[in-house]
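Q: mmCIF, C-alpha atoms, saved as final36.cif, coming up:
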data_model
#
loop_
_atom_site.label_atom_id
_atom_site.label_comp_id
_atom_site.auth_asym_id
_atom_site.auth_seq_id
_atom_site.Cartn_x
_atom_site.Cartn_y
_atom_site.Cartn_z
CA MET B 6 -82.36 -45.05 -51.25
CA THR B 7 -82.14 -46.56 -54.72
CA TRP B 8 -81.29 -50.17 -55.44
CA ALA B 9 -77.92 -49.07 -56.92
CA GLN B 10 -77.05 -47.06 -53.82
CA ASP B 11 -78.02 -49.98 -51.61
CA GLN B 12 -75.76 -52.29 -53.60
CA ARG B 13 -72.87 -49.83 -53.35
CA ASN B 14 -73.34 -49.63 -49.58
CA VAL B 15 -73.35 -53.41 -49.32
CA ALA B 16 -70.21 -53.63 -51.49
CA GLY B 17 -68.52 -50.95 -49.40
CA ALA B 18 -69.36 -52.77 -46.19
CA GLY B 19 -67.98 -55.98 -47.69
CA ARG B 20 -64.72 -54.32 -48.65
CA ALA B 21 -64.43 -52.84 -45.16
CA ARG B 22 -64.84 -56.29 -43.62
CA VAL B 23 -62.19 -57.72 -45.95
CA ARG B 24 -59.77 -54.94 -45.06
CA SER B 25 -60.48 -55.49 -41.38
CA TRP B 26 -59.79 -59.23 -41.68
CA LEU B 27 -56.61 -58.62 -43.67
CA LEU B 28 -55.34 -56.08 -41.17
CA GLY B 29 -56.18 -58.38 -38.28
CA GLY B 30 -54.38 -61.26 -39.99
CA MET B 31 -51.30 -59.14 -40.59
CA ILE B 32 -51.25 -58.05 -36.94
CA VAL B 33 -51.60 -61.62 -35.68
CA VAL B 34 -48.86 -62.88 -38.01
CA GLY B 35 -46.55 -60.01 -37.10
CA PHE B 36 -47.01 -60.50 -33.37
CA GLY B 37 -46.62 -64.25 -33.80
CA LEU B 38 -43.31 -63.90 -35.64
CA ALA B 39 -41.99 -61.47 -33.04
CA ALA B 40 -43.04 -63.82 -30.23
CA VAL B 41 -41.30 -66.78 -31.88
CA MET B 42 -38.10 -64.81 -32.37
CA LEU B 43 -38.05 -63.57 -28.78
CA ALA B 44 -38.87 -67.02 -27.42
CA ALA B 45 -36.05 -68.53 -29.46
CA TYR B 46 -33.62 -65.89 -28.23
CA TYR B 47 -34.53 -66.30 -24.57
CA GLY B 48 -34.58 -70.07 -24.85
CA ALA B 49 -31.09 -70.07 -26.36
CA THR B 50 -29.54 -67.56 -23.95
CA LEU B 51 -31.36 -68.30 -20.70
CA GLY B 52 -32.85 -71.77 -21.02
CA LEU B 53 -36.48 -72.79 -20.73
CA VAL B 54 -36.70 -73.06 -16.92
CA THR B 55 -34.97 -69.73 -16.27
CA THR B 56 -37.09 -68.01 -18.91
CA LEU B 57 -40.33 -69.29 -17.38
CA LEU B 58 -39.21 -68.25 -13.89
CA ALA B 59 -38.30 -64.77 -15.14
CA LEU B 60 -41.58 -64.51 -17.05
CA VAL B 61 -43.64 -65.22 -13.93
CA LEU B 62 -41.73 -62.65 -11.88
CA ALA B 63 -41.84 -60.07 -14.68
CA ALA B 64 -45.63 -60.36 -14.78
CA ILE B 65 -46.03 -59.26 -11.15
CA PRO B 66 -45.52 -55.49 -11.66
CA LEU B 67 -48.14 -55.59 -14.43
CA GLY B 68 -50.69 -56.01 -11.64
CA ILE B 69 -49.71 -52.53 -10.45
CA VAL B 70 -49.02 -50.65 -13.67
CA ILE B 71 -51.86 -51.73 -15.97
CA PRO B 72 -54.70 -51.11 -13.45
CA THR B 73 -53.31 -47.60 -12.93
CA PHE B 74 -53.73 -46.73 -16.60
CA LEU B 75 -57.10 -48.47 -16.79
CA TRP B 76 -58.21 -46.33 -13.84
CA LEU B 77 -57.07 -43.24 -15.74
CA ASP B 78 -59.15 -44.41 -18.72
CA ARG B 79 -62.44 -44.80 -16.83
CA PHE B 80 -64.35 -41.81 -18.26
CA GLU B 81 -64.07 -42.91 -21.89
CA ALA B 82 -62.57 -46.37 -21.96
CA GLU B 83 -60.54 -47.34 -25.01
CA PRO B 84 -61.58 -50.53 -26.83
CA THR B 85 -60.08 -53.54 -25.12
CA ARG B 86 -58.73 -54.93 -28.39
CA TYR B 87 -56.74 -51.73 -28.97
CA LEU B 88 -55.24 -51.90 -25.48
CA VAL B 89 -54.30 -55.54 -26.04
CA VAL B 90 -52.63 -54.59 -29.33
CA ALA B 91 -50.79 -51.77 -27.52
CA PHE B 92 -49.49 -54.16 -24.85
CA LEU B 93 -48.41 -56.75 -27.43
CA TRP B 94 -46.74 -54.07 -29.54
CA GLY B 95 -44.63 -53.07 -26.54
CA ALA B 96 -43.92 -56.62 -25.39
CA LEU B 97 -43.16 -58.06 -28.82
CA VAL B 98 -42.58 -55.62 -31.67
CA ALA B 99 -41.00 -52.71 -29.79
CA ALA B 100 -38.90 -55.04 -27.64
CA LEU B 101 -37.67 -56.98 -30.67
CA LEU B 102 -36.86 -53.89 -32.76
CA ALA B 103 -35.12 -52.20 -29.83
CA GLY B 104 -33.09 -55.33 -29.16
CA ILE B 105 -31.93 -55.51 -32.77
CA PHE B 106 -30.97 -51.83 -33.00
CA ASN B 107 -29.33 -51.76 -29.57
CA THR B 108 -27.29 -54.84 -30.41
CA GLY B 109 -26.11 -53.15 -33.59
CA ALA B 110 -25.24 -49.98 -31.68
CA ASN B 111 -23.33 -51.99 -29.08
CA ILE B 112 -21.30 -53.68 -31.80
CA ALA B 113 -20.54 -50.30 -33.37
CA PHE B 114 -19.49 -48.74 -30.06
CA GLN B 115 -17.35 -51.77 -29.25
CA SER B 116 -15.61 -51.57 -32.63
CA ALA B 117 -14.93 -47.87 -32.07
CA THR B 118 -13.71 -48.08 -28.47
CA GLY B 119 -12.38 -51.62 -28.21
CA ALA B 120 -13.81 -51.82 -24.69
CA THR B 121 -16.83 -53.98 -23.89
CA ASP B 122 -17.89 -52.13 -20.72
CA ALA B 123 -17.60 -48.72 -22.36
CA ALA B 124 -19.62 -49.92 -25.35
CA MET B 125 -22.38 -51.25 -23.10
CA ALA B 126 -22.47 -47.97 -21.16
CA ALA B 127 -22.62 -45.93 -24.35
CA THR B 128 -25.43 -48.10 -25.69
CA ALA B 129 -27.41 -47.73 -22.47
CA VAL B 130 -27.05 -43.95 -22.30
CA PHE B 131 -27.10 -42.89 -25.96
CA SER B 132 -28.67 -45.60 -28.12
CA ALA B 133 -31.24 -47.31 -25.90
CA PRO B 134 -33.22 -44.20 -24.86
CA LEU B 135 -33.59 -42.93 -28.42
CA VAL B 136 -34.37 -46.32 -29.95
CA GLU B 137 -36.67 -47.66 -27.23
CA GLU B 138 -38.72 -44.50 -26.83
CA PHE B 139 -39.13 -44.29 -30.61
CA CYS B 140 -40.29 -47.91 -30.87
CA LYS B 141 -42.74 -47.52 -28.02
CA GLY B 142 -44.04 -44.10 -29.02
CA LEU B 143 -44.57 -45.20 -32.62
CA LEU B 144 -47.67 -47.17 -31.63
CA VAL B 145 -49.26 -44.08 -30.06
CA VAL B 146 -48.69 -42.14 -33.29
CA LEU B 147 -50.12 -45.00 -35.36
CA VAL B 148 -53.30 -45.04 -33.28
CA LEU B 149 -53.70 -41.31 -33.84
CA LEU B 150 -53.12 -41.63 -37.59
CA PHE B 151 -55.20 -44.72 -38.33
CA ARG B 152 -57.77 -44.86 -35.53
CA ARG B 153 -58.43 -41.16 -35.10
CA ARG B 154 -61.96 -41.67 -33.78
CA GLU B 155 -60.55 -43.59 -30.81
CA PHE B 156 -58.08 -40.86 -29.87
CA ASP B 157 -59.63 -37.98 -27.92
CA GLY B 158 -56.70 -36.19 -26.31
CA ILE B 159 -54.03 -36.22 -23.63
CA ILE B 160 -55.51 -38.98 -21.48
CA ASP B 161 -55.78 -41.35 -24.43
CA GLY B 162 -52.16 -40.58 -25.31
CA MET B 163 -51.09 -41.35 -21.76
CA VAL B 164 -53.10 -44.57 -21.63
CA TYR B 165 -51.77 -45.99 -24.90
CA ALA B 166 -48.22 -44.93 -24.01
CA GLY B 167 -48.45 -46.45 -20.54
CA ILE B 168 -49.83 -49.77 -21.77
CA VAL B 169 -47.19 -50.01 -24.53
CA ALA B 170 -44.44 -49.25 -22.03
CA ALA B 171 -45.81 -51.81 -19.58
CA GLY B 172 -45.54 -54.47 -22.30
CA PHE B 173 -42.02 -53.37 -23.17
CA ALA B 174 -40.91 -53.40 -19.52
CA PHE B 175 -42.42 -56.88 -19.11
CA THR B 176 -40.25 -58.32 -21.89
CA GLU B 177 -37.18 -56.39 -20.80
CA ASN B 178 -37.62 -57.60 -17.22
CA ILE B 179 -37.65 -61.20 -18.44
CA GLN B 180 -34.18 -60.65 -19.86
CA TYR B 181 -32.76 -58.85 -16.81
CA LEU B 182 -34.28 -61.26 -14.30
CA GLY B 183 -33.15 -64.28 -16.32
CA MET B 184 -29.61 -62.96 -16.68
CA ALA B 185 -29.45 -62.16 -12.96
CA TYR B 186 -30.52 -65.69 -12.03
CA SER B 187 -28.15 -67.31 -14.54
CA GLN B 188 -25.15 -65.29 -13.37
CA GLY B 189 -25.79 -64.79 -9.65
CA GLY B 190 -28.44 -67.26 -8.53
CA ASP B 191 -31.21 -66.53 -6.06
CA GLN B 192 -29.50 -63.55 -4.43
CA ALA B 193 -28.97 -61.69 -7.72
CA LEU B 194 -32.48 -62.57 -8.86
CA THR B 195 -34.00 -61.20 -5.64
CA GLY B 196 -32.02 -57.95 -5.89
CA THR B 197 -33.00 -57.44 -9.53
CA PHE B 198 -36.63 -58.21 -8.81
CA ILE B 199 -36.76 -55.70 -5.96
CA SER B 200 -35.01 -52.94 -7.90
CA ARG B 201 -36.82 -53.34 -11.23
CA CYS B 202 -40.22 -54.81 -10.36
CA LEU B 203 -40.97 -53.33 -6.93
CA PHE B 204 -39.04 -50.04 -6.67
CA THR B 205 -39.32 -48.86 -10.28
CA PRO B 206 -42.29 -50.56 -12.00
CA PHE B 207 -43.34 -47.22 -13.51
CA ALA B 208 -39.94 -46.31 -14.99
CA HIS B 209 -40.70 -47.16 -18.63
CA PRO B 210 -44.30 -45.89 -18.47
CA LEU B 211 -43.15 -42.58 -17.01
CA PHE B 212 -40.77 -42.06 -19.92
CA THR B 213 -43.19 -43.01 -22.68
CA VAL B 214 -46.11 -41.09 -21.16
CA LEU B 215 -44.24 -37.92 -22.15
CA THR B 216 -44.52 -38.98 -25.79
CA GLY B 217 -48.17 -39.83 -25.22
CA ILE B 218 -48.87 -36.36 -23.81
CA GLY B 219 -47.26 -34.81 -26.87
CA VAL B 220 -49.35 -36.93 -29.22
CA GLY B 221 -52.46 -36.10 -27.17
CA ILE B 222 -51.78 -32.39 -27.58
CA ALA B 223 -51.38 -32.91 -31.34
CA ALA B 224 -54.77 -34.64 -31.42
CA THR B 225 -56.61 -31.64 -29.97
CA THR B 226 -54.78 -28.60 -31.33
CA ARG B 227 -55.66 -26.66 -34.45
CA SER B 228 -52.04 -25.48 -34.87
CA ARG B 229 -50.16 -27.33 -37.59
CA VAL B 230 -46.89 -26.43 -35.89
CA LEU B 231 -47.97 -27.98 -32.60
CA LYS B 232 -49.21 -31.09 -34.38
CA VAL B 233 -45.57 -31.74 -35.30
CA LEU B 234 -43.65 -30.15 -32.43
CA ALA B 235 -45.72 -31.54 -29.53
CA PRO B 236 -45.07 -35.25 -30.31
CA LEU B 237 -41.44 -34.50 -31.19
CA CYS B 238 -40.84 -32.61 -27.94
CA GLY B 239 -42.60 -35.34 -25.98
CA TYR B 240 -40.38 -37.97 -27.59
CA LEU B 241 -37.19 -36.00 -26.91
CA LEU B 242 -38.17 -35.46 -23.27
CA ALA B 243 -38.95 -39.16 -22.94
CA ALA B 244 -35.56 -40.10 -24.41
CA MET B 245 -33.76 -37.56 -22.23
CA SER B 246 -35.37 -38.73 -18.99
CA HIS B 247 -34.69 -42.33 -20.03
CA ALA B 248 -31.03 -41.47 -20.66
CA VAL B 249 -30.68 -39.83 -17.23
CA TRP B 250 -32.15 -42.92 -15.60
CA ASN B 251 -29.85 -45.25 -17.53
CA LEU B 252 -26.85 -43.09 -16.64
CA GLY B 253 -27.66 -43.59 -12.98
CA ALA B 254 -28.04 -47.33 -13.53
CA VAL B 255 -24.67 -47.50 -15.34
CA THR B 256 -22.85 -45.68 -12.55
CA GLY B 257 -24.55 -47.95 -10.01
CA GLY B 258 -24.56 -47.62 -6.22
CA ALA B 259 -24.72 -44.00 -5.08
CA GLY B 260 -25.35 -42.76 -8.62
CA LEU B 261 -28.45 -44.91 -9.04
CA LEU B 262 -29.73 -43.98 -5.59
CA THR B 263 -29.20 -40.28 -6.32
CA VAL B 264 -31.08 -40.47 -9.62
CA TYR B 265 -33.87 -42.41 -7.93
CA VAL B 266 -34.30 -39.91 -5.08
CA VAL B 267 -33.62 -36.70 -6.99
CA VAL B 268 -35.22 -37.56 -10.34
CA GLU B 269 -37.36 -40.71 -10.34
CA LEU B 270 -39.28 -40.13 -7.11
CA PRO B 271 -40.19 -36.47 -7.78
CA VAL B 272 -41.16 -37.32 -11.36
CA PHE B 273 -43.38 -40.14 -10.12
CA ILE B 274 -45.09 -37.83 -7.60
CA ALA B 275 -45.59 -35.26 -10.37
CA PHE B 276 -46.99 -38.01 -12.60
CA VAL B 277 -49.54 -39.05 -9.96
CA ALA B 278 -50.60 -35.43 -9.47
CA PHE B 279 -50.91 -34.93 -13.22
CA VAL B 280 -52.96 -38.11 -13.61
CA VAL B 281 -55.42 -36.97 -10.94
CA TRP B 282 -55.66 -33.51 -12.53
CA ALA B 283 -56.09 -34.94 -16.04
CA ARG B 284 -58.92 -37.23 -14.97
CA ARG B 285 -60.76 -34.43 -13.18
CA ARG B 286 -60.22 -32.19 -16.19
CA GLU B 287 -61.76 -34.80 -18.47
CA GLY B 288 -64.80 -34.97 -16.19
CA ARG B 289 -65.21 -31.20 -16.39
CA LEU B 290 -64.85 -31.31 -20.17
CA ILE B 291 -67.52 -33.98 -20.41
CA GLY B 292 -69.91 -31.89 -18.32
CA ARG B 293 -69.17 -28.76 -20.34
CA PHE B 294 -69.62 -30.30 -23.77
CA LEU B 295 -72.67 -32.36 -22.85
CA SER B 296 -74.53 -29.28 -21.54
CA PRO B 297 -75.56 -28.10 -25.04
CA TYR B 298 -77.14 -31.52 -25.66
CA ALA B 299 -79.10 -31.12 -22.43
CA ASP B 300 -80.27 -27.70 -23.61
CA ALA B 301 -81.42 -29.34 -26.86
CA GLY B 302 -83.31 -32.07 -25.01
CA TRP B 303 -81.04 -35.03 -25.73
CA LEU B 304 -80.02 -35.33 -22.07
CA SER B 305 -81.36 -34.09 -18.77
CA PRO B 306 -79.32 -31.77 -16.50
CA ASN B 307 -79.21 -34.53 -13.88
CA GLU B 308 -77.74 -36.93 -16.43
CA VAL B 309 -75.04 -34.41 -17.35
CA ARG B 310 -74.11 -34.03 -13.68
CA MET B 311 -74.00 -37.78 -13.27
CA LEU B 312 -71.82 -38.25 -16.35
CA SER B 313 -69.27 -35.59 -15.37
CA THR B 314 -68.05 -37.28 -12.17
CA MET B 315 -66.86 -40.79 -11.44
CA ALA B 316 -68.84 -40.83 -8.19
CA GLY B 317 -72.02 -40.06 -10.12
CA ARG B 318 -71.25 -42.74 -12.67
CA ARG B 319 -70.64 -45.34 -9.98
CA SER B 320 -73.91 -44.47 -8.27
CA ALA B 321 -75.76 -44.78 -11.58
CA ARG B 322 -74.25 -48.20 -12.23
CA VAL B 323 -75.19 -49.37 -8.74
CA TRP B 324 -78.76 -48.17 -9.33
CA ALA B 325 -78.93 -49.89 -12.72
CA ARG B 326 -77.70 -53.17 -11.26
CA SER B 327 -80.20 -52.99 -8.40
CA VAL B 328 -83.25 -52.39 -10.62
CA GLY B 329 -82.40 -54.37 -13.72
CA GLY B 330 -79.55 -56.76 -13.02
CA ARG B 331 -76.64 -57.33 -15.35
CA ARG B 332 -78.53 -56.31 -18.46
CA ALA B 333 -79.32 -52.87 -17.05
CA LEU B 334 -75.76 -52.49 -15.77
CA ARG B 335 -74.42 -53.24 -19.23
CA SER B 336 -76.82 -50.73 -20.74
CA MET B 337 -75.78 -48.06 -18.24
CA ARG B 338 -72.11 -48.61 -19.00
CA GLN B 339 -72.80 -48.33 -22.72
CA PHE B 340 -74.85 -45.18 -22.12
CA GLN B 341 -72.02 -43.62 -20.11
CA ASP B 342 -69.33 -44.58 -22.64
CA CYS B 343 -71.43 -43.26 -25.50
CA ALA B 344 -72.00 -39.95 -23.72
CA SER B 345 -68.29 -39.57 -22.97
CA GLU B 346 -67.38 -40.25 -26.57
CA LEU B 347 -69.98 -37.72 -27.71
CA ALA B 348 -68.63 -35.04 -25.37
CA LEU B 349 -65.02 -35.56 -26.39
CA LEU B 350 -66.01 -35.59 -30.07
CA ARG B 351 -67.76 -32.25 -29.53
CA ALA B 352 -64.62 -30.90 -27.87
CA ARG B 353 -62.54 -31.89 -30.91
CA MET B 354 -65.08 -30.32 -33.24
CA GLN B 355 -65.00 -27.04 -31.30
CA HIS B 356 -61.22 -26.94 -31.60
CA SER B 357 -61.45 -27.71 -35.33
CA ALA B 358 -59.76 -31.06 -34.70
CA GLY B 359 -62.68 -33.26 -35.76
CA ASP B 360 -62.43 -35.29 -38.94
CA ASP B 361 -64.68 -35.11 -42.00
CA GLN B 362 -67.01 -37.72 -40.54
CA ALA B 363 -67.49 -35.88 -37.24
CA LEU B 364 -71.07 -34.77 -37.92
CA THR B 365 -72.08 -38.26 -39.04
CA THR B 366 -70.43 -39.75 -35.97
CA GLU B 367 -72.16 -37.22 -33.75
CA ARG B 368 -75.55 -38.23 -35.12
CA GLN B 369 -74.77 -41.92 -34.67
CA LEU B 370 -73.75 -41.31 -31.06
CA LEU B 371 -76.90 -39.33 -30.38
CA ASP B 372 -79.00 -42.17 -31.79
CA SER B 373 -77.09 -44.67 -29.63
CA LEU B 374 -77.58 -42.43 -26.61
CA SER B 375 -81.34 -42.30 -27.18
CA ALA B 376 -81.50 -46.06 -27.70
CA GLY B 377 -79.55 -46.62 -24.50
CA ARG B 378 -81.91 -44.44 -22.50
CA ARG B 379 -84.97 -46.27 -23.90
CA GLU B 380 -83.42 -49.59 -22.92
CA LEU B 381 -82.70 -48.32 -19.41
CA LEU B 382 -86.20 -46.94 -19.02
CA GLY B 383 -87.58 -50.30 -20.04
CA VAL B 384 -86.04 -52.16 -17.12
CA TYR B 385 -88.13 -50.56 -14.37
#
Take the structure in this file and express it as structure tokens.
A:
Amino acid sequence: MTWAQDQRNVAGAGRARVRSWLLGGMIVVGFGLAAVMLAAYYGATLGLVTTLLALVLAAIPLGIVIPTFLWLDRFEAEPTRYLVVAFLWGALVAALLAGIFNTGANIAFQSATGATDAAMAATAVFSAPLVEEFCKGLLVVLVLLFRRREFDGIIDGMVYAGIVAAGFAFTENIQYLGMAYSQGGDQALTGTFISRCLFTPFAHPLFTVLTGIGVGIAATTRSRVLKVLAPLCGYLLAAMSHAVWNLGAVTGGAGLLTVYVVVELPVFIAFVAFVVWARRREGRLIGRFLSPYADAGWLSPNEVRMLSTMAGRRSARVWARSVGGRRALRSMRQFQDCASELALLRARMQHSAGDDQALTTERQLLDSLSAGRRELLGVY
């Protein structure tokens, strides 16, 4: 490498760091402004004490929803900072934008009908599903467009969609719980908490996951038509299922119970079954696309078998911890993550969905894989 080339590489790395800092600053400022606006709104409409009470209760279902999507993401975990951004996008940006647009739609419906209740019902059934699912799904599309290397397929689409929706539901629950307490006291608060936080914590994630599946299909297909139609169809299905759920909520009583039993419960069961299938499918894909690397000597057949099942991965981590402590455990996790990323990159390349840097990335991952093995071998 010449001195001039070295200087250009250094300059390029410097510009990349500047862009990264600028983007990070813009994200922090944007989230901060959204948080201030939402805090001001809730403080003005609900009061500080009620808002804090609602916030604590709204956080409880997160302990159910977020671990579910993290479990789904175990084979090739997404960077924590991206998942945090996804949650904050849902809780702050998507919630704020949806609130603004839905308020405008409610005003328009009220002007047209002259009836407050009818306007609220129309907003819930027609405006809210389209607006909210667009605002939530937009983050999944942005990750695909601007962080393509971190987006490997359907599971990634589901994970980002689920985390975004969990953040959105968290903020929305603050509003509903706070309003219930302000208007009906402890009894109304308890009823709202049970219905929204205990019975239907997966409502918003179930809707938005449909968009995530569509974006995941777009990430792995070679068809230009599917790259457009899959996310669009996923979004429309998400909005439609959201509208059906809101229609049941608007009718209340028997209508809500019917929608819950006939629609929500079967959809949730189907979602669980699909999640289990998708995770097993990803394990099989990892085994299939790592096999050529074993044939070439980069991995052993035993390592491929270990990497293609969660049980094998857990056993390997237990072994690493027992022989080398935390350092070896960390190295094993990095080795497993690197191998998963390599396999899913190879899958994209085979389907002609890899980017121009795929070969370079492949080589970097192979080097990291070899370095990880050397580090593991050095602990015993």
Q: For the structure provided, state which residues fall under the PyMOL selection byres ((chain B and resi 313-321) around 7), and present them as a CSV table (one decimal) with C-alpha atoms, in the frame of the given file.
A:
chain,number,residue,atom,x,y,z
B,288,GLY,CA,-64.8,-35.0,-16.2
B,289,ARG,CA,-65.2,-31.2,-16.4
B,291,ILE,CA,-67.5,-34.0,-20.4
B,292,GLY,CA,-69.9,-31.9,-18.3
B,309,VAL,CA,-75.0,-34.4,-17.4
B,310,ARG,CA,-74.1,-34.0,-13.7
B,311,MET,CA,-74.0,-37.8,-13.3
B,312,LEU,CA,-71.8,-38.2,-16.4
B,322,ARG,CA,-74.2,-48.2,-12.2
B,323,VAL,CA,-75.2,-49.4,-8.7
B,324,TRP,CA,-78.8,-48.2,-9.3
B,325,ALA,CA,-78.9,-49.9,-12.7
Q: Hey, what's within 9 Å of B:Phe114 if we count all atoms listed in the file and toss same-chain stuff fewer than 4 positions away? As number ranges by chain, please?
A: B: 109-110, 118-121, 123-125, 127-128
Q: When distances are computed from all atoms listed in the file, which of B:Leu270, B:Leu231, B:Ala352, B:Asn107 shows the smallest separation from B:Gly158?
A: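 Nearest to B:Gly158: B:Ala352.
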Q: In Å, rounded to a single decimal, give me how far atom CA of B:Gly29 is from atom CA of B:Gly162.
A: 22.4 Å
Q: Rounded to one decimal in Å, what is the spacing between atom CA of B:Ile69 and atom CA of B:Leu51?
A: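 About the pair atom CA of B:Ile69 and atom CA of B:Leu51: they are 26.3 Å apart.
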Q: Evaluating the PyMOL selection byres ((chain B and resi 32) around 12) on the displayed file yields which residues, as a ChimeraX atom specification?
A: /B:25-31,33-39,86-87,89-91,93-94,97-98
Q: Leaving out stretch 235-249 of chain B and any residue of its chain fewer than 4 positions from it, which residues lie within 7 Å of it when counting only C-alpha atoms, given as a list in words?
A: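 Contacts, with the query itself left out: Val130, Phe131, Pro134, Leu135, Glu138, Phe212, Thr213, Leu215, Thr216, Ile218, Gly219, Val220, Ile222, Ala223, Leu231 and Gly253 of chain B.
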Q: Please report, as JSON lines, each residue of stretch 178-281 of chain B lying at most 9 Å from stretch 45-49 of chain B, together with the nearest pair of atoms and the separation in Å rounded to one decimal; use all atoms listed in the file, and order rows by chain and ascending residue number.
A:
{"residue": "B:Ile179", "atom": "CA", "partner": "B:Tyr47", "partner_atom": "CA", "distance": 8.6}
{"residue": "B:Gln180", "atom": "CA", "partner": "B:Tyr47", "partner_atom": "CA", "distance": 7.4}
{"residue": "B:Gly183", "atom": "CA", "partner": "B:Tyr47", "partner_atom": "CA", "distance": 8.6}
Q: Using all atoms listed in the file, tabulate the residues of stretch 149-179 of chain B lying at most 10 Å from any atom of stretch 327-348 of chain B, each with its closest atom pair and that distance in Å to one decimal, by chain and increasing residue number, as JSON lines.
A:
{"residue": "B:Arg154", "atom": "CA", "partner": "B:Glu346", "partner_atom": "CA", "distance": 9.1}
{"residue": "B:Glu155", "atom": "CA", "partner": "B:Glu346", "partner_atom": "CA", "distance": 8.7}
{"residue": "B:Phe156", "atom": "CA", "partner": "B:Glu346", "partner_atom": "CA", "distance": 9.9}
{"residue": "B:Asp157", "atom": "CA", "partner": "B:Glu346", "partner_atom": "CA", "distance": 8.2}
Q: Could the residues in this selection be saved with C-alpha atoms as a short mmCIF file (atom, residue, chain, number, x, y, z; two decimals), in the coordinates of the input?
A:
data_model
loop_
_atom_site.label_atom_id
_atom_site.label_comp_id
_atom_site.auth_asym_id
_atom_site.auth_seq_id
_atom_site.Cartn_x
_atom_site.Cartn_y
_atom_site.Cartn_z
CA ARG B 154 -61.96 -41.67 -33.78
CA GLU B 155 -60.55 -43.59 -30.81
CA PHE B 156 -58.08 -40.86 -29.87
CA ASP B 157 -59.63 -37.98 -27.92
#
Q: Ranking B:Ala103, B:Leu43, B:Leu182, B:Leu77 by minimum distance to B:Leu194 and counting all atoms listed in the file, which one comes first?
A: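 The shortest atom-to-atom distance to B:Leu194 comes from B:Leu182.
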Q: Any idea what the distance is between atom CA of B:Ala193 and atom CA of B:Ala96?
A: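 Distance reported for this atom pair: 23.7 Å.
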Q: Given the choices B:Ile274, B:Ala224, B:Val281, B:Ala129, which gets closest to B:Arg153 if the distance is worked out from all atoms listed in the file?
A: B:Ala224
Q: Using all atoms listed in the file, which of the listed residues (B:Thr50, B:Ser116, B:Ser375, B:Ser132) sits closest to B:Asn251?
A: B:Ser132
Q: From the options B:Tyr186, B:Phe273, B:Phe198, B:Trp303, which residue's atoms come nearest to B:Thr55, counting all atoms listed in the file?
A: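 Nearest to B:Thr55: B:Tyr186.
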Q: Which residue gives the smallest distance to B:Thr256 among B:Asn307, B:Ala126, B:Leu60, B:Arg229, with all atoms listed in the file counted?
A: B:Ala126
Q: Do a neighbour search on B:Gly95 at 7 Å with all atoms listed in the file, toss out local chain neighbours closer than 4 positions, and write the hits as a ChimeraX atom specification.
A: /B:91,99-100,141,169-170,172-173
Q: Box for stretch 68-75 of chain B - axis-aligned, 5 Å on each of the six sides, all listed atoms - centre and size in Å to one decimal, as AutoDock Vina command-line options.
A:
--center_x -53.1 --center_y -51.4 --center_z -13.6 --size_x 18.1 --size_y 19.3 --size_z 16.3
